[in-house]
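Let me begin by presenting the structure, written as structure tokens, before commenting on it.
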Amino acid sequence: MRAHLKAASCLALIVLGGCQTIEYGPLNGEIEPVYGYQETQTREGEYTLMIRALSGSPETVHAMWDRRAGELCGAEYQKKLYRAERPTTTYGYYGGAPGNMILEGFLQCGAGTTDGAPTQADAR
């Protein structure tokens, strides 16, 4: 009986267009990613890159930032992070809870690093 209820619930969510998530993708897509990215190109080979995570450890969020940087620039890039926060989400009279983690910084395609942090190429 329970299996039938679960199947019916899933079918109803699909038919009614319930929330869908994907693991990784752009924040402006139709499906909300667990690890979403958004970049703004400031000039040729330079970007402001932001990752927003619905869950996961800080290490994983940093890895997703490096993943997107590698997709934009290849193996070598410079990064300078300027925002790493997990804003508190409030729930009325019931207090708050940690919100989505946000990691944002400047990305410049090319060799080296600007903040001493290793790039994907350094990790190999």
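Starting from 1 in every chain, residues are counted up; chains themselves are A, B, ... following the order of the structure tokens, and ligands are numbered from 1 as listed.
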
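Using only C-alpha atoms, the residues found no farther than 7 Å from Gly99 of chain A, other than those of its own chain fewer than 5 positions away, are Arg86, Pro87, Thr88 and Thr89 of chain A.
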
Export N, CA and C atoms of the chosen residues as an mmCIF file, in the first residue's frame?
data_model
loop_
_atom_site.group_PDB
_atom_site.id
_atom_site.type_symbol
_atom_site.label_atom_id
_atom_site.label_comp_id
_atom_site.auth_asym_id
_atom_site.auth_seq_id
_atom_site.Cartn_x
_atom_site.Cartn_y
_atom_site.Cartn_z
ATOM 1 N N ARG A 86 27.487 32.235 4.791
ATOM 2 C CA ARG A 86 26.291 31.409 4.915
ATOM 3 C C ARG A 86 25.300 32.233 5.728
ATOM 4 N N PRO A 87 24.522 33.092 5.056
ATOM 5 C CA PRO A 87 23.595 33.964 5.772
ATOM 6 C C PRO A 87 22.564 33.161 6.564
ATOM 7 N N THR A 88 22.131 33.723 7.662
ATOM 8 C CA THR A 88 21.118 33.076 8.494
ATOM 9 C C THR A 88 19.736 33.296 7.893
ATOM 10 N N THR A 89 18.983 32.224 7.812
ATOM 11 C CA THR A 89 17.596 32.283 7.371
ATOM 12 C C THR A 89 16.729 32.304 8.625
#

Determine the nearest neighbour of Glu46 of chain A from the options A:Met64, A:Ala111, A:Leu72, A:Ile102, counting only C-alpha atoms.
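That would be A:Leu72, the residue with the smallest distance to Glu46 of chain A.
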
Please provide as a ChimeraX atom specification all residues within 9 Å of Gly110 of chain A, with the sequence filter that same-chain residues fewer than 4 positions apart are discarded (counting only C-alpha atoms).
/A:45,73-78

Selection export as a PDB file, in the first residue's frame, atoms kept: C-alpha atoms:
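The resulting file, result.pdb, is reproduced below:
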ATOM      1  CA  GLY A  45      39.350  36.294 -19.893  1.00  0.00           C
ATOM      2  CA  CYS A  73      39.544  29.084 -18.247  1.00  0.00           C
ATOM      3  CA  GLY A  74      41.015  25.639 -18.617  1.00  0.00           C
ATOM      4  CA  ALA A  75      43.715  24.330 -16.287  1.00  0.00           C
ATOM      5  CA  GLU A  76      45.328  27.648 -15.354  1.00  0.00           C
ATOM      6  CA  TYR A  77      43.607  30.582 -13.712  1.00  0.00           C
ATOM      7  CA  GLN A  78      44.040  33.143 -10.993  1.00  0.00           C
TER       8      GLN A  78
END

Rounded to one decimal, what separation in Å do you get between atom CA of Gln108 of chain A and atom CA of Leu54 of chain A?
26.0 Å
